[in-house]
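Data from entry26.txt: compact mmCIF, C-alpha atoms
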# COMPACT_ATOMS: atom_id res chain seq x y z
CA MET A 1 -41.27 -63.23 -10.06
CA ASP A 2 -44.08 -64.18 -7.77
CA ARG A 3 -45.30 -67.55 -6.69
CA ASN A 4 -47.90 -67.54 -9.41
CA THR A 5 -45.46 -66.65 -12.12
CA THR A 6 -44.77 -69.40 -14.58
CA THR A 7 -41.18 -70.48 -14.36
CA PRO A 8 -39.43 -72.62 -16.93
CA ALA A 9 -40.87 -76.04 -16.55
CA THR A 10 -38.24 -78.66 -16.50
CA THR A 11 -38.36 -82.38 -16.50
CA LEU A 12 -36.80 -82.35 -13.06
CA ALA A 13 -39.54 -80.14 -11.69
CA ALA A 14 -42.15 -82.49 -13.06
CA VAL A 15 -40.40 -85.45 -11.50
CA LEU A 16 -40.20 -83.67 -8.17
CA ALA A 17 -43.87 -82.81 -8.29
CA LEU A 18 -44.75 -86.42 -9.00
CA ALA A 19 -42.52 -87.66 -6.23
CA GLY A 20 -44.17 -85.27 -3.83
CA ALA A 21 -47.60 -86.41 -4.86
CA LEU A 22 -46.69 -89.98 -4.03
CA PHE A 23 -46.21 -88.96 -0.44
CA ALA A 24 -49.07 -86.51 -0.31
CA VAL A 25 -50.19 -85.40 3.10
CA PRO A 26 -52.73 -82.60 3.20
CA ALA A 27 -51.26 -79.19 3.86
CA GLY A 28 -53.92 -78.68 6.46
CA ALA A 29 -52.14 -81.00 8.83
CA HIS A 30 -49.17 -79.46 10.61
CA HIS A 31 -46.97 -76.50 9.89
CA SER A 32 -44.31 -76.37 12.52
CA GLN A 33 -42.63 -73.49 10.74
CA ALA A 34 -45.51 -71.14 11.43
CA PRO A 35 -44.00 -69.80 14.67
CA TYR A 36 -40.86 -68.78 12.84
CA PHE A 37 -41.88 -67.96 9.30
CA ASP A 38 -44.89 -66.01 8.13
CA GLN A 39 -46.92 -68.53 6.17
CA GLU A 40 -49.14 -65.80 4.77
CA ARG A 41 -46.42 -63.90 2.93
CA ASP A 42 -43.70 -64.52 0.40
CA VAL A 43 -40.51 -62.63 -0.34
CA ARG A 44 -38.10 -63.06 -3.20
CA ILE A 45 -34.33 -62.82 -3.19
CA GLU A 46 -31.62 -63.14 -5.80
CA GLY A 47 -28.11 -64.04 -4.79
CA VAL A 48 -25.12 -66.33 -4.85
CA VAL A 49 -24.94 -69.62 -2.97
CA GLN A 50 -22.33 -69.64 -0.22
CA ARG A 51 -22.89 -73.21 0.98
CA PHE A 52 -25.55 -75.83 1.52
CA ASP A 53 -25.41 -77.07 5.11
CA PHE A 54 -27.03 -80.43 4.47
CA ARG A 55 -27.67 -81.59 8.02
CA ASN A 56 -30.73 -82.63 10.02
CA PRO A 57 -33.16 -81.65 11.25
CA HIS A 58 -33.26 -78.83 8.70
CA PRO A 59 -30.68 -78.30 5.96
CA VAL A 60 -29.90 -74.64 5.40
CA LEU A 61 -28.88 -72.96 2.14
CA TYR A 62 -26.80 -69.84 2.78
CA VAL A 63 -27.14 -67.23 0.07
CA GLU A 64 -25.31 -63.92 -0.25
CA VAL A 65 -27.66 -61.16 -1.30
CA PRO A 66 -26.79 -57.48 -1.73
CA ASP A 67 -28.92 -55.08 0.29
CA GLU A 68 -30.30 -51.82 -1.11
CA HIS A 69 -26.85 -50.25 -0.71
CA GLY A 70 -25.05 -53.08 -2.38
CA ASN A 71 -23.64 -54.44 0.84
CA PRO A 72 -23.58 -58.24 1.00
CA GLN A 73 -25.92 -59.92 3.45
CA VAL A 74 -26.34 -63.60 4.10
CA TRP A 75 -29.77 -65.20 4.02
CA SER A 76 -30.59 -68.58 5.56
CA LEU A 77 -33.02 -70.69 3.58
CA GLN A 78 -34.48 -73.47 5.71
CA PHE A 79 -35.51 -76.76 4.14
CA ALA A 80 -37.37 -79.88 5.21
CA SER A 81 -35.33 -82.72 6.66
CA ILE A 82 -32.90 -84.75 4.58
CA ALA A 83 -35.18 -87.80 4.40
CA ILE A 84 -37.99 -85.73 2.94
CA LEU A 85 -35.74 -83.83 0.53
CA ALA A 86 -34.20 -87.08 -0.66
CA ARG A 87 -37.54 -88.28 -1.88
CA VAL A 88 -37.83 -85.32 -4.21
CA GLY A 89 -34.25 -85.47 -5.39
CA ILE A 90 -32.68 -82.63 -3.39
CA LYS A 91 -29.26 -83.78 -2.22
CA ALA A 92 -26.14 -82.39 -0.58
CA ASP A 93 -24.67 -81.42 -3.95
CA THR A 94 -27.82 -79.92 -5.42
CA PHE A 95 -26.52 -76.40 -4.79
CA ALA A 96 -22.91 -75.47 -5.45
CA PRO A 97 -21.05 -72.53 -3.94
CA GLY A 98 -20.92 -69.65 -6.38
CA GLU A 99 -24.03 -70.44 -8.37
CA ARG A 100 -26.68 -67.78 -8.77
CA ILE A 101 -30.19 -68.54 -7.65
CA VAL A 102 -33.55 -66.86 -7.22
CA ALA A 103 -35.60 -67.94 -4.22
CA VAL A 104 -39.15 -67.30 -3.07
CA GLY A 105 -40.26 -68.28 0.41
CA HIS A 106 -42.03 -67.37 3.62
CA PRO A 107 -39.99 -64.74 5.50
CA ALA A 108 -38.77 -64.94 9.08
CA ARG A 109 -41.05 -63.41 11.69
CA ASN A 110 -38.03 -61.91 13.44
CA PRO A 111 -37.59 -58.53 11.74
CA ASN A 112 -33.86 -58.68 12.45
CA ALA A 113 -33.23 -62.07 10.91
CA LEU A 114 -32.63 -62.76 7.24
CA GLY A 115 -34.29 -66.07 6.69
CA MET A 116 -37.00 -67.83 4.80
CA ALA A 117 -38.58 -71.26 4.69
CA SER A 118 -40.83 -73.31 2.43
CA VAL A 119 -38.75 -72.13 -0.48
CA ALA A 120 -38.86 -72.52 -4.23
CA VAL A 121 -35.41 -72.05 -5.70
CA THR A 122 -34.74 -71.39 -9.37
CA LYS A 123 -31.31 -72.01 -10.82
CA GLU A 124 -29.78 -70.08 -13.71
CA ASP A 125 -30.66 -72.85 -16.13
CA GLY A 126 -34.29 -72.58 -15.15
CA THR A 127 -34.45 -75.67 -12.99
CA GLU A 128 -36.89 -75.09 -10.17
CA LEU A 129 -36.47 -76.97 -6.90
CA VAL A 130 -39.37 -76.80 -4.52
CA ASP A 131 -39.17 -77.76 -0.88
CA PRO A 132 -42.00 -80.26 -0.27
CA LEU A 133 -43.09 -78.08 2.65
CA ARG A 134 -43.96 -75.39 0.12
CA SER A 135 -45.69 -77.60 -2.38
CA GLY A 136 -47.92 -78.95 0.35
CA SER A 137 -46.98 -82.48 -0.55
CA PHE A 138 -45.70 -82.86 2.97
CA ALA A 139 -46.95 -81.43 6.18
CA GLN A 140 -44.06 -80.99 8.53
CA LYS A 141 -44.91 -81.43 12.11
CA GLY A 142 -42.22 -81.09 14.64
CA ARG A 143 -38.90 -79.90 13.53
CA MET B 144 -34.92 -122.05 24.28
CA THR B 145 -35.01 -121.26 20.61
CA VAL B 146 -37.44 -118.78 19.19
CA ILE B 147 -38.13 -118.99 15.50
CA VAL B 148 -40.39 -116.77 13.50
CA ARG B 149 -41.54 -118.37 10.30
CA ARG B 150 -43.02 -116.17 7.61
CA ALA B 151 -45.92 -117.86 5.95
CA CYS B 152 -47.19 -117.08 2.49
CA GLY B 153 -50.05 -114.67 2.47
CA SER B 154 -50.97 -112.51 5.36
CA LEU B 155 -50.20 -114.61 8.34
CA VAL B 156 -47.11 -115.21 10.36
CA ALA B 157 -46.72 -118.29 12.51
CA ALA B 158 -44.62 -117.94 15.60
CA VAL B 159 -43.02 -121.23 16.43
CA LEU B 160 -41.51 -121.81 19.76
CA THR B 161 -39.16 -124.66 20.32
CA ALA B 162 -38.56 -125.01 23.99
CA GLY B 163 -36.03 -127.31 25.57
CA ALA B 164 -37.49 -130.46 26.99
CA ALA B 165 -36.29 -129.42 30.39
CA GLY B 166 -35.54 -126.09 31.89
CA ASP B 167 -38.60 -124.26 30.68
CA ALA B 168 -41.01 -126.31 32.68
CA GLY B 169 -43.50 -124.18 34.45
CA VAL B 170 -42.80 -121.08 32.35
CA ALA B 171 -45.89 -119.80 30.65
CA HIS B 172 -45.33 -118.92 27.01
CA ALA B 173 -47.68 -117.75 24.33
CA GLN B 174 -49.12 -120.50 22.23
CA PRO B 175 -48.28 -120.30 18.54
CA ALA B 176 -51.13 -118.54 16.87
CA PRO B 177 -51.72 -116.88 13.55
CA VAL B 178 -51.05 -113.19 13.71
CA PRO B 179 -51.47 -110.43 11.12
CA ASP B 180 -48.47 -109.77 8.91
CA LEU B 181 -47.58 -106.15 9.54
CA THR B 182 -43.90 -106.56 8.74
CA GLY B 183 -42.58 -104.14 6.16
CA ARG B 184 -41.89 -100.50 5.47
CA TRP B 185 -44.72 -98.02 5.58
CA ALA B 186 -45.02 -94.52 4.14
CA PRO B 187 -47.45 -91.95 5.53
CA VAL B 188 -50.72 -91.21 3.80
CA THR B 189 -52.81 -89.19 6.22
CA CYS B 190 -55.48 -89.27 8.84
CA VAL B 191 -58.72 -90.97 7.99
CA PRO B 192 -61.12 -89.93 6.58
CA ASP B 193 -59.76 -86.81 4.94
CA GLY B 194 -56.80 -85.54 6.92
CA GLU B 195 -58.18 -82.04 7.13
CA THR B 196 -57.65 -81.81 10.85
CA CYS B 197 -54.95 -84.44 11.13
CA PRO B 198 -54.49 -85.57 13.85
CA PHE B 199 -56.67 -83.05 15.68
CA VAL B 200 -57.43 -79.36 15.95
CA ILE B 201 -55.16 -78.03 18.66
CA ALA B 202 -57.47 -75.22 19.67
CA ASP B 203 -60.36 -77.65 20.05
CA LEU B 204 -58.61 -79.87 22.56
CA LYS B 205 -60.45 -79.97 25.84
CA LEU B 206 -57.66 -79.35 28.30
CA THR B 207 -57.81 -79.53 32.07
CA ARG B 208 -57.13 -76.36 33.99
CA ALA B 209 -53.54 -77.43 34.56
CA GLY B 210 -53.12 -78.44 30.94
CA ARG B 211 -54.45 -75.10 29.74
CA LYS B 212 -52.16 -73.15 32.05
CA MET B 213 -49.12 -75.09 30.92
CA ALA B 214 -49.98 -74.65 27.24
CA ASP B 215 -50.55 -70.92 27.77
CA ALA B 216 -47.16 -70.57 29.42
CA PHE B 217 -45.36 -72.43 26.67
CA GLU B 218 -43.11 -70.59 24.25
CA GLU B 219 -41.76 -72.32 21.19
CA PRO B 220 -38.06 -72.15 22.11
CA LEU B 221 -38.87 -74.32 25.15
CA GLY B 222 -39.54 -77.24 22.84
CA PRO B 223 -37.21 -80.18 23.57
CA LYS B 224 -37.10 -80.89 19.82
CA PHE B 225 -34.70 -77.97 19.48
CA ASP B 226 -32.16 -80.07 21.32
CA CYS B 227 -32.73 -83.25 19.31
CA VAL B 228 -35.06 -84.78 21.87
CA GLN B 229 -37.12 -87.44 20.15
CA ALA B 230 -40.80 -87.17 19.35
CA THR B 231 -43.12 -89.56 21.19
CA VAL B 232 -46.50 -91.07 20.51
CA PRO B 233 -49.06 -89.93 19.59
CA SER B 234 -47.50 -87.02 17.64
CA LEU B 235 -44.72 -89.26 16.30
CA LEU B 236 -47.35 -91.21 14.37
CA ALA B 237 -48.68 -88.25 12.38
CA ASP B 238 -45.32 -87.01 11.21
CA PRO B 239 -44.61 -87.37 7.49
CA TYR B 240 -41.91 -89.99 7.88
CA ARG B 241 -41.75 -93.68 7.11
CA PHE B 242 -41.25 -96.50 9.53
CA ALA B 243 -40.62 -100.23 9.50
CA VAL B 244 -42.32 -102.96 11.48
CA HIS B 245 -40.35 -106.03 12.51
CA GLN B 246 -42.43 -108.83 14.03
CA LEU B 247 -40.61 -111.28 16.24
CA ALA B 248 -42.15 -114.06 18.26
CA ASP B 249 -42.14 -112.26 21.58
CA ARG B 250 -41.96 -108.62 20.54
CA VAL B 251 -42.63 -106.17 17.74
CA ILE B 252 -40.10 -103.49 16.83
CA PHE B 253 -41.12 -100.21 15.28
CA GLU B 254 -38.22 -98.44 13.58
CA TYR B 255 -38.86 -94.84 12.52
CA GLU B 256 -37.02 -92.50 10.19
CA LYS B 257 -38.09 -89.65 12.43
CA ASP B 258 -35.49 -88.92 15.09
CA ASP B 259 -34.05 -92.47 14.82
CA VAL B 260 -36.79 -93.64 17.17
CA VAL B 261 -36.92 -97.38 17.83
CA ARG B 262 -39.78 -98.70 19.92
CA THR B 263 -39.98 -102.23 21.29
CA ILE B 264 -43.45 -103.60 21.91
CA TRP B 265 -43.28 -106.41 24.43
CA LEU B 266 -45.93 -108.99 23.61
CA ASP B 267 -48.08 -110.40 26.37
CA GLY B 268 -47.61 -113.99 27.42
CA TRP B 269 -43.85 -114.14 27.31
CA GLY B 270 -43.08 -113.23 30.88
CA HIS B 271 -41.52 -109.89 30.05
CA PRO B 272 -40.93 -107.94 33.24
CA GLU B 273 -43.17 -105.01 33.94
CA PRO B 274 -41.46 -101.68 34.54
CA GLY B 275 -40.77 -100.88 38.16
CA PRO B 276 -41.66 -97.70 40.03
CA TYR B 277 -38.52 -95.94 38.82
CA ASP B 278 -38.73 -97.13 35.22
CA ALA B 279 -40.56 -94.24 33.60
CA SER B 280 -38.90 -93.30 30.33
CA TRP B 281 -39.14 -90.83 27.47
CA GLN B 282 -40.76 -93.29 25.04
CA GLY B 283 -42.64 -95.07 27.80
CA HIS B 284 -43.17 -98.80 28.16
CA SER B 285 -45.07 -100.55 25.38
CA ARG B 286 -46.77 -103.89 25.64
CA GLY B 287 -48.82 -105.52 22.95
CA ARG B 288 -51.14 -108.33 22.02
CA TYR B 289 -52.81 -109.65 18.91
CA GLU B 290 -56.57 -109.52 18.76
CA GLY B 291 -57.48 -111.36 15.59
CA ASP B 292 -56.11 -109.30 12.71
CA THR B 293 -55.17 -106.39 14.93
CA LEU B 294 -52.02 -105.60 16.88
CA VAL B 295 -52.95 -103.68 20.01
CA VAL B 296 -50.18 -101.62 21.59
CA VAL B 297 -50.57 -99.91 24.94
CA THR B 298 -47.86 -97.49 26.04
CA ASP B 299 -47.59 -95.77 29.39
CA ARG B 300 -44.96 -94.93 32.04
CA PHE B 301 -43.86 -91.83 30.14
CA LEU B 302 -41.85 -89.01 31.62
CA TYR B 303 -43.43 -85.58 31.79
CA ASP B 304 -43.06 -84.07 28.32
CA PRO B 305 -43.76 -80.36 27.67
CA THR B 306 -44.76 -81.19 24.08
CA GLY B 307 -45.92 -84.74 24.63
CA LEU B 308 -49.33 -84.32 23.05
CA GLU B 309 -48.43 -81.77 20.40
CA ASP B 310 -45.10 -80.10 19.72
CA LEU B 311 -46.58 -77.22 17.78
CA GLY B 312 -47.92 -75.03 20.53
CA GLY B 313 -46.62 -77.03 23.42
CA ILE B 314 -49.47 -79.22 24.56
CA PRO B 315 -47.81 -81.21 27.33
CA SER B 316 -48.32 -84.74 28.50
CA SER B 317 -48.05 -85.94 32.05
CA THR B 318 -46.66 -89.10 33.57
CA LEU B 319 -50.19 -90.48 33.25
CA LYS B 320 -50.24 -90.35 29.45
CA ARG B 321 -51.45 -93.62 28.02
CA VAL B 322 -51.59 -94.29 24.28
CA THR B 323 -53.43 -97.23 22.74
CA GLU B 324 -52.65 -98.01 19.09
CA ARG B 325 -54.62 -100.60 17.15
CA TYR B 326 -52.85 -101.63 13.92
CA SER B 327 -54.57 -103.55 11.16
CA ARG B 328 -53.82 -104.12 7.53
CA ASP B 329 -55.93 -103.96 4.40
CA GLY B 330 -53.83 -105.03 1.43
CA ASP B 331 -51.06 -102.48 0.99
CA ARG B 332 -52.55 -100.14 3.57
CA LEU B 333 -51.74 -100.12 7.26
CA ARG B 334 -54.17 -98.38 9.56
CA ALA B 335 -53.76 -97.33 13.18
CA GLU B 336 -56.59 -96.25 15.41
CA VAL B 337 -54.97 -94.21 18.15
CA LEU B 338 -56.50 -93.34 21.51
CA THR B 339 -54.63 -90.98 23.83
CA GLU B 340 -55.62 -90.57 27.45
CA ASP B 341 -54.07 -88.21 29.96
CA PRO B 342 -56.38 -87.29 32.83
CA LEU B 343 -54.01 -84.60 34.12
CA ILE B 344 -53.97 -82.76 30.80
CA LEU B 345 -57.01 -83.85 28.79
CA GLU B 346 -60.62 -83.51 29.88
CA GLU B 347 -61.43 -86.33 27.48
CA PRO B 348 -59.36 -88.73 25.37
CA ILE B 349 -58.19 -87.88 21.86
CA GLU B 350 -58.84 -90.32 19.03
CA PHE B 351 -57.57 -90.29 15.49
CA THR B 352 -56.93 -92.80 12.72
CA PHE B 353 -53.86 -92.72 10.50
CA GLU B 354 -52.97 -94.69 7.37
CA TRP B 355 -49.71 -95.67 5.73
CA VAL B 356 -49.00 -97.37 2.42
CA ARG B 357 -46.56 -100.20 1.94
CA GLY B 358 -43.26 -99.29 0.27
CA GLU B 359 -40.16 -101.14 -0.86
CA ASP B 360 -37.52 -98.43 -0.54
CA PRO B 361 -35.25 -98.69 2.49
CA LEU B 362 -35.72 -96.22 5.30
CA PHE B 363 -33.56 -93.13 5.10
CA LEU B 364 -31.42 -93.72 8.18
CA PRO B 365 -29.82 -92.52 10.28
CA TYR B 366 -31.78 -89.34 10.85
CA GLY B 367 -28.73 -88.05 12.65
CA CYS B 368 -30.12 -84.93 14.29
CA GLU B 369 -27.34 -82.45 15.03
CA LEU B 370 -27.58 -80.26 18.10
CA ASP B 371 -26.33 -77.00 16.64
CA GLN B 372 -28.60 -77.38 13.63
CA ALA B 373 -31.66 -78.30 15.69
CA ARG B 374 -31.93 -75.00 17.57
CA GLN B 375 -31.23 -72.92 14.49
CA PRO B 376 -34.88 -72.10 13.61
CA VAL B 377 -35.48 -70.37 16.94
CA GLN B 378 -33.61 -67.28 15.75
CA PHE B 379 -36.37 -66.66 13.22
CA ALA B 380 -39.17 -66.25 15.77
CA ASP B 381 -40.23 -62.71 16.53
CA PRO B 382 -38.59 -62.01 19.91
CA GLU B 383 -41.34 -59.55 20.81
CA ASN B 384 -44.10 -61.96 19.98
CA VAL B 385 -42.90 -65.49 20.61
CA PRO B 386 -45.95 -67.44 19.61
CA ASN B 387 -47.85 -70.29 21.03
CA PHE B 388 -50.85 -71.83 19.36
CA ARG B 389 -53.24 -69.20 20.66
CA SER B 390 -51.25 -66.30 19.27
CA SER B 391 -52.43 -64.48 16.20
CA GLY B 392 -49.17 -65.00 14.42
CA GLN B 393 -49.12 -61.33 13.47
CA SER B 394 -45.78 -59.62 13.44
CA GLU B 395 -44.03 -56.75 11.77
CA PRO B 396 -42.80 -57.38 8.27
CA SER B 397 -39.34 -58.84 8.21
CA ARG B 398 -36.61 -56.78 6.64
CA GLY B 399 -35.00 -57.46 3.31
CA GLY B 400 -36.14 -59.32 0.28
CA VAL B 401 -38.74 -58.18 -2.17
CA PRO B 402 -42.32 -58.79 -1.09
CA VAL B 403 -43.87 -61.04 -3.66
CA GLY B 404 -46.79 -59.34 -5.30
CA ALA B 405 -45.30 -55.87 -4.74
CA GLN B 406 -43.65 -55.74 -8.11
Entire entry expressed as structure tokens:
Amino acid sequence: MDRNTTTPATTLAAVLALAGALFAVPAGAHHSQAPYFDQERDVRIEGVVQRFDFRNPHPVLYVEVPDEHGNPQVWSLQFASIAILARVGIKADTFAPGERIVAVGHPARNPNALGMASVAVTKEDGTELVDPLRSGSFAQKGR
Amino acid sequence: MTVIVRRACGSLVAAVLTAGAAGDAGVAHAQPAPVPDLTGRWAPVTCVPDGETCPFVIADLKLTRAGRKMADAFEEPLGPKFDCVQATVPSLLADPYRFAVHQLADRVIFEYEKDDVVRTIWLDGWGHPEPGPYDASWQGHSRGRYEGDTLVVVTDRFLYDPTGLEDLGGIPSSTLKRVTERYSRDGDRLRAEVLTEDPLILEEPIEFTFEWVRGEDPLFLPYGCELDQARQPVQFADPENVPNFRSSGQSEPSRGGVPVGAQ
């Protein structure tokens, strides 16, 4: 799956997109994540949710992903702040431990860190949840 | 002394002061006057006119020699934001968060979702004490006045802030930072013209204009920044190439994951 691949469109995704548009700030404004995540590239992972650490300034979704040898590794998926996620319907219980997800996002610049930001997460039922930082409906300056 | 703020229909607020017959003699107070109604909750739109360079292009800032040297020496992990230190004006204003304005007779309170910041603007004419020599503070001292339909806020007496002009890239502000905000309303839009001066850091002042739209939803508070969570992103910077705004941003590919487009 790449970022241009059509994913199952759901009503929720449409609602989220609309909500984001209501708070549209041009993507050309600020991207505070640029020092930490490569905004020019995307990577894709598939794995199982460990937990969603829903705390400010940036909630983190921890996902267990097998490496090329099948050994489990834990990825950290960074999201926008709670206030911004709330406006597009992403809440503390949006991701449950044990559920399988596919995520696409900008990878960490640190070659020894397993992380991504500005993510689009697809659940097994096809629901796609897009961090507003990725959709460009918010520009995140600061943390 | 009793201070009453009466909300009038339409766009004006009348501040009514009822002073005791005795006791306040000789104290100069502001005369009741119509002021613009800015009270409400406001959601960010963008910089005017098009937001393309909102609020400014960092690389185009004309920095003093000292300002340039400090920005060059800055590395992202030095940012106070990674320890839940609040954002300040002017960068606070261009963040994509909502805020509320509360207009009282003698002051205006700005309440932000971002970082739980609350600013008090002390209105002229009420005898509010000026800050003393030792009263510099992180958010500075804000005083305000109404000029027709515009609320003018002047803030100074800041502490030195390594990211006080821009947190992305570490453009600092000195203790001479002075920010002038001019708020006016056009229907459901609130506009602020913002002028930032800092002769120790900026060769010339920065100006930008930002707009918000009126909203009814309550603010999402508290922000509740948590210290261990705040510094978490630093681990994802390339330790061999910790960037500042002049860096190319190039780094080796990170490990793991499937590069999108490689399939």
Item to check | Counting all atoms listed in the file, the option among B:Gln378, B:Pro274, B:Gln229, B:Leu362 closest to B:Ala186 | outcome: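 Using all atoms listed in the file, B:Ala186 sits closest to B:Leu362.
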Item to check | Distance query A:Glu124 at most 7 Å, all atoms listed in the file, self and fewer than 2 positions along chain excluded, as a PyMOL selection string | outcome: chain A and resi 100-101+122+126
Next on the checklist: Between atom CA of B:Leu308 and atom CA of B:Glu219, what distance in Å does the model show, to one decimal?
Outcome noted: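 Those two atoms sit 14.3 Å apart.
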Checklist entry - Could you name the residues that touch B:Gly222 at 12 Å or less, counting all atoms listed in the file, but leaving out those on the same chain fewer than 5 positions away, as a ChimeraX atom specification? => result /A:32,35,142-143 /B:214,217,227-230,304-307,309-315,373-374,376-377,387
Which residues of chain B sit at most 6 Å from chain A, using only C-alpha atoms? Give each one's shortest atom pair and distance in Å (one decimal place), in chain and ascending residue order, as a Markdown table.
| residue | atom | partner | partner_atom | distance |
| --- | --- | --- | --- | --- |
| B:Val188 | CA | A:Val25 | CA | 5.9 |
| B:Thr189 | CA | A:Val25 | CA | 5.6 |
| B:Glu195 | CA | A:Gly28 | CA | 5.5 |
| B:Thr196 | CA | A:Ala29 | CA | 5.9 |
| B:Cys197 | CA | A:Ala29 | CA | 5.0 |
| B:Asp238 | CA | A:Lys141 | CA | 5.7 |
| B:Asp310 | CA | A:Gly142 | CA | 5.9 |
| B:Leu311 | CA | A:Ser32 | CA | 5.8 |
| B:Phe363 | CA | A:Ala83 | CA | 5.6 |
| B:Cys368 | CA | A:Asn56 | CA | 4.9 |
| B:Ala373 | CA | A:Pro57 | CA | 5.8 |
| B:Phe379 | CA | A:Tyr36 | CA | 5.0 |
| B:Ala380 | CA | A:Tyr36 | CA | 4.2 |
| B:Asp381 | CA | A:Asn110 | CA | 3.9 |
| B:Pro386 | CA | A:Pro35 | CA | 5.8 |
| B:Ser397 | CA | A:Pro111 | CA | 4.0 |
| B:Arg398 | CA | A:Pro111 | CA | 5.5 |
| B:Gly400 | CA | A:Ile45 | CA | 5.3 |
| B:Val401 | CA | A:Arg44 | CA | 5.0 |
| B:Pro402 | CA | A:Val43 | CA | 4.3 |
| B:Val403 | CA | A:Val43 | CA | 5.0 |
Next on the checklist: Can you measure atom CA of B:Met213 to atom CA of B:Asp226 for me? One decimal in Å is fine.
Outcome noted: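 Distance reported for this atom pair: 20.1 Å.
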Checklist entry - Expressed in Å to a single decimal, how great is the separation between atom CA of B:Ala209 and atom CA of B:Leu236? => result 25.2 Å
